[in-house]
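Visitor: Could you have a look at this structure, given as structure tokens, before my questions?
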Amino acid sequence: MEGDVEMAAVEEGAVVELDDMKKRLKEMEDEAAALREMQAKVEQEIGAVQDPAAAAANQTNREEVDARSVFVGNVDYSCTPEEVQQHFQSCGTVNRVTIRTNKYGQPKGYAYVEFLETEAVEQALLLNESELHGRQLKVSAKRTNVPGMKQFRPRRSNPQMGYRSRTPFMAAPYIFSPYGYGKIPRFRVPMRYSPYF
């Protein structure tokens with residue numbers, strides 16, 4: 001009789017453990033299905049980004065925005081976007097002013113001004129060499145960056161580094177000194193005593 005009681009308890013424990021395993025398996029399957037859905041969404045978004053038609057449309061949109069924008073150089077570091085906007089307000093309606101900053105949040109000294117109309121760019125170019133905060137601004141039309149078309153700039157020679165030729169270094173043949181390594185023939189002149197000679 002005792003053997004039957006123990007066997008029933010073991011079977012009951014196995015059933016409970018089996019139910020727990022089934023629950024965990026169901027949770028893992030649900031999680032895997034959710035991950036598959038998320039991965040499908042991400043792949044759709046990436047596919048939309050890599051779509052050539054969308055990329056071409058994005059490029060034409062960027063070119064259109066750049067045609068309405070100007071580059072402003074030599075901007076004072078304490079200058080705010082509102083002050084730059086007021087300076088260019090006479091040219092036309094300013095849509096956006098972007099003052100570029102470095103990774104620490106400090107201004108780099110230049111800005112981009114985007115207008116609503118393309119005609120405002122010609123008016124803004126007339127403000128070249130005008131003063132803002134006591135600094136002479138350099139205004140030019142904004143150019144459109146084409147990805148992968150970085151201009152080649154050859155390496156400039158540095159006068160402190162010495163001349164560097166393209167030919168490999170050829171060491172001069174070593175000539176053995178007849179006096180031994182590091183020894184130089186000395187021609188002593190009879191003078192005062194010096195312990196260093």
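Naming works like this for the structure tokens: A, B, ... for the chains as they're shown, residue 1 at the start of each chain, ligands 1 onward in shown order.
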If you count only C-alpha atoms, which residues fall within 8 Å of range 96-98 of chain A, apart from same-chain ones fewer than 3 positions away, as a PDB file with N, CA, C and O atoms, in the first residue's frame?
Guide:
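Final output, out_10.pdb:
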```
ATOM      1  N   PRO A  81      19.969  81.328 -33.699  1.00  0.00           N
ATOM      2  CA  PRO A  81      19.227  81.191 -34.959  1.00  0.00           C
ATOM      3  C   PRO A  81      18.231  82.328 -35.198  1.00  0.00           C
ATOM      4  O   PRO A  81      17.995  82.717 -36.343  1.00  0.00           O
ATOM      5  N   GLU A  82      17.670  82.874 -34.129  1.00  0.00           N
ATOM      6  CA  GLU A  82      16.712  83.980 -34.287  1.00  0.00           C
ATOM      7  C   GLU A  82      17.401  85.215 -34.858  1.00  0.00           C
ATOM      8  O   GLU A  82      16.835  85.933 -35.696  1.00  0.00           O
ATOM      9  N   VAL A  84      20.124  85.243 -36.774  1.00  0.00           N
ATOM     10  CA  VAL A  84      20.431  84.971 -38.175  1.00  0.00           C
ATOM     11  C   VAL A  84      19.160  85.118 -39.011  1.00  0.00           C
ATOM     12  O   VAL A  84      19.181  85.678 -40.113  1.00  0.00           O
ATOM     13  N   GLN A  85      18.026  84.658 -38.472  1.00  0.00           N
ATOM     14  CA  GLN A  85      16.757  84.773 -39.179  1.00  0.00           C
ATOM     15  C   GLN A  85      16.397  86.241 -39.387  1.00  0.00           C
ATOM     16  O   GLN A  85      15.962  86.630 -40.473  1.00  0.00           O
ATOM     17  N   ALA A 111      26.338  78.347 -40.688  1.00  0.00           N
ATOM     18  CA  ALA A 111      24.907  78.048 -40.585  1.00  0.00           C
ATOM     19  C   ALA A 111      24.324  77.853 -41.986  1.00  0.00           C
ATOM     20  O   ALA A 111      24.944  78.210 -42.988  1.00  0.00           O
ATOM     21  N   TYR A 112      23.139  77.271 -42.019  1.00  0.00           N
ATOM     22  CA  TYR A 112      22.376  77.127 -43.251  1.00  0.00           C
ATOM     23  C   TYR A 112      21.046  77.832 -43.051  1.00  0.00           C
ATOM     24  O   TYR A 112      20.399  77.659 -42.018  1.00  0.00           O
ATOM     25  N   VAL A 113      20.652  78.602 -44.053  1.00  0.00           N
ATOM     26  CA  VAL A 113      19.369  79.316 -43.996  1.00  0.00           C
ATOM     27  C   VAL A 113      18.522  78.811 -45.155  1.00  0.00           C
ATOM     28  O   VAL A 113      18.921  78.894 -46.310  1.00  0.00           O
ATOM     29  N   GLU A 114      17.340  78.282 -44.817  1.00  0.00           N
ATOM     30  CA  GLU A 114      16.424  77.767 -45.841  1.00  0.00           C
ATOM     31  C   GLU A 114      15.254  78.743 -45.978  1.00  0.00           C
ATOM     32  O   GLU A 114      14.645  79.148 -44.989  1.00  0.00           O
ATOM     33  N   PHE A 115      14.957  79.106 -47.223  1.00  0.00           N
ATOM     34  CA  PHE A 115      13.863  80.031 -47.514  1.00  0.00           C
ATOM     35  C   PHE A 115      12.675  79.269 -48.079  1.00  0.00           C
ATOM     36  O   PHE A 115      12.809  78.121 -48.513  1.00  0.00           O
TER      37      PHE A 115
END
```
Visitor: Excluding Leu127 in chain A and residues on its chain fewer than 3 positions from it, collect all residues at most 12 Å away from it, counting only C-alpha atoms, and give them as a ChimeraX atom specification.
Guide: /A:70-73,84,87-91,120-124,130-132,136-141
Visitor: Keeping C-alpha atoms for every residue in the selection just given, could you write it to a file as a short mmCIF file (atom, residue, chain, number, x, y, z; two decimals), in the first residue's frame?
Guide:
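In the end it all went to out-v9.cif:
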```cif
data_model
loop_
_atom_site.label_atom_id
_atom_site.label_comp_id
_atom_site.auth_asym_id
_atom_site.auth_seq_id
_atom_site.Cartn_x
_atom_site.Cartn_y
_atom_site.Cartn_z
CA VAL A 70 22.22 79.36 -48.56
CA PHE A 71 25.42 78.61 -46.65
CA VAL A 72 26.48 81.30 -44.19
CA GLY A 73 30.10 81.18 -43.05
CA VAL A 84 20.43 84.97 -38.18
CA HIS A 87 19.40 89.30 -40.55
CA PHE A 88 18.05 87.42 -43.60
CA GLN A 89 14.38 88.41 -43.11
CA SER A 90 14.67 91.19 -45.70
CA CYS A 91 15.50 88.63 -48.44
CA ALA A 120 15.10 84.73 -51.90
CA VAL A 121 18.43 82.97 -52.49
CA GLU A 122 19.55 85.65 -55.00
CA GLN A 123 18.62 88.35 -52.48
CA ALA A 124 20.51 86.53 -49.73
CA SER A 130 27.55 91.99 -44.52
CA GLU A 131 28.19 92.26 -40.77
CA LEU A 132 26.49 90.35 -37.97
CA GLN A 136 31.77 89.70 -41.90
CA LEU A 137 29.49 86.92 -43.15
CA LYS A 138 30.35 84.79 -46.16
CA VAL A 139 27.12 83.88 -47.97
CA SER A 140 27.05 81.38 -50.84
CA ALA A 141 24.48 79.07 -52.41
#
```
Visitor: Which one is closest to Thr60 in chain A: A:Val146, A:Glu117, A:Pro195, A:Glu45? Count only C-alpha atoms.
Guide: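 Distance minimum relative to Thr60 in chain A lands on A:Val146.
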Visitor: Per DSSP on the backbone, filter range 16-166 of chain A down to the residues in strand (DSSP E) and report them as a ChimeraX atom specification.
Guide: /A:69-73,94-101,107-115,131-132,135-136,138-141
Visitor: Go ahead and write the residues just picked, C-alpha atoms, as a compact mmCIF listing (two decimals), in the first residue's frame.
Guide:
```txt
# COMPACT_ATOMS: atom_id res chain seq x y z
CA SER A 69 19.02 77.38 -49.09
CA VAL A 70 22.22 79.36 -48.56
CA PHE A 71 25.42 78.61 -46.65
CA VAL A 72 26.48 81.30 -44.19
CA GLY A 73 30.10 81.18 -43.05
CA VAL A 94 12.92 82.19 -43.73
CA ASN A 95 11.72 78.61 -43.31
CA ARG A 96 14.53 77.29 -41.12
CA VAL A 97 17.95 78.32 -39.73
CA THR A 98 20.43 75.58 -38.81
CA ILE A 99 23.59 76.47 -36.90
CA ARG A 100 25.87 73.42 -36.95
CA THR A 101 27.48 72.31 -33.69
CA PRO A 107 28.79 76.08 -32.61
CA LYS A 108 31.13 75.41 -35.54
CA GLY A 109 30.90 78.94 -36.93
CA TYR A 110 28.62 78.39 -39.91
CA ALA A 111 24.91 78.05 -40.59
CA TYR A 112 22.38 77.13 -43.25
CA VAL A 113 19.37 79.32 -44.00
CA GLU A 114 16.42 77.77 -45.84
CA PHE A 115 13.86 80.03 -47.51
CA GLU A 131 28.19 92.26 -40.77
CA LEU A 132 26.49 90.35 -37.97
CA ARG A 135 31.85 89.61 -38.11
CA GLN A 136 31.77 89.70 -41.90
CA LYS A 138 30.35 84.79 -46.16
CA VAL A 139 27.12 83.88 -47.97
CA SER A 140 27.05 81.38 -50.84
CA ALA A 141 24.48 79.07 -52.41
```
Visitor: Please indicate the distance in Å from CA of Thr118 in chain A to CA of Thr144 in chain A, rounded to one decimal place.
Guide: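 These two atoms are separated by 14.9 Å.
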Visitor: What separation in Å, quoted to one decimal, exists between CA of Lys23 in chain A and CA of Val42 in chain A?
Guide: 28.9 Å
Visitor: Give the helix (DSSP H, G or I) residues of range 62-119 of chain A, as assigned by DSSP on the backbone, as a ChimeraX atom specification.
Guide: /A:62-67,81-87,119
Visitor: Take CA of Ala67 in chain A and CA of Lys142 in chain A and report the distance between them in Å, one decimal.
Guide: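 Taking CA of Ala67 in chain A and CA of Lys142 in chain A, their separation equals 7.1 Å.
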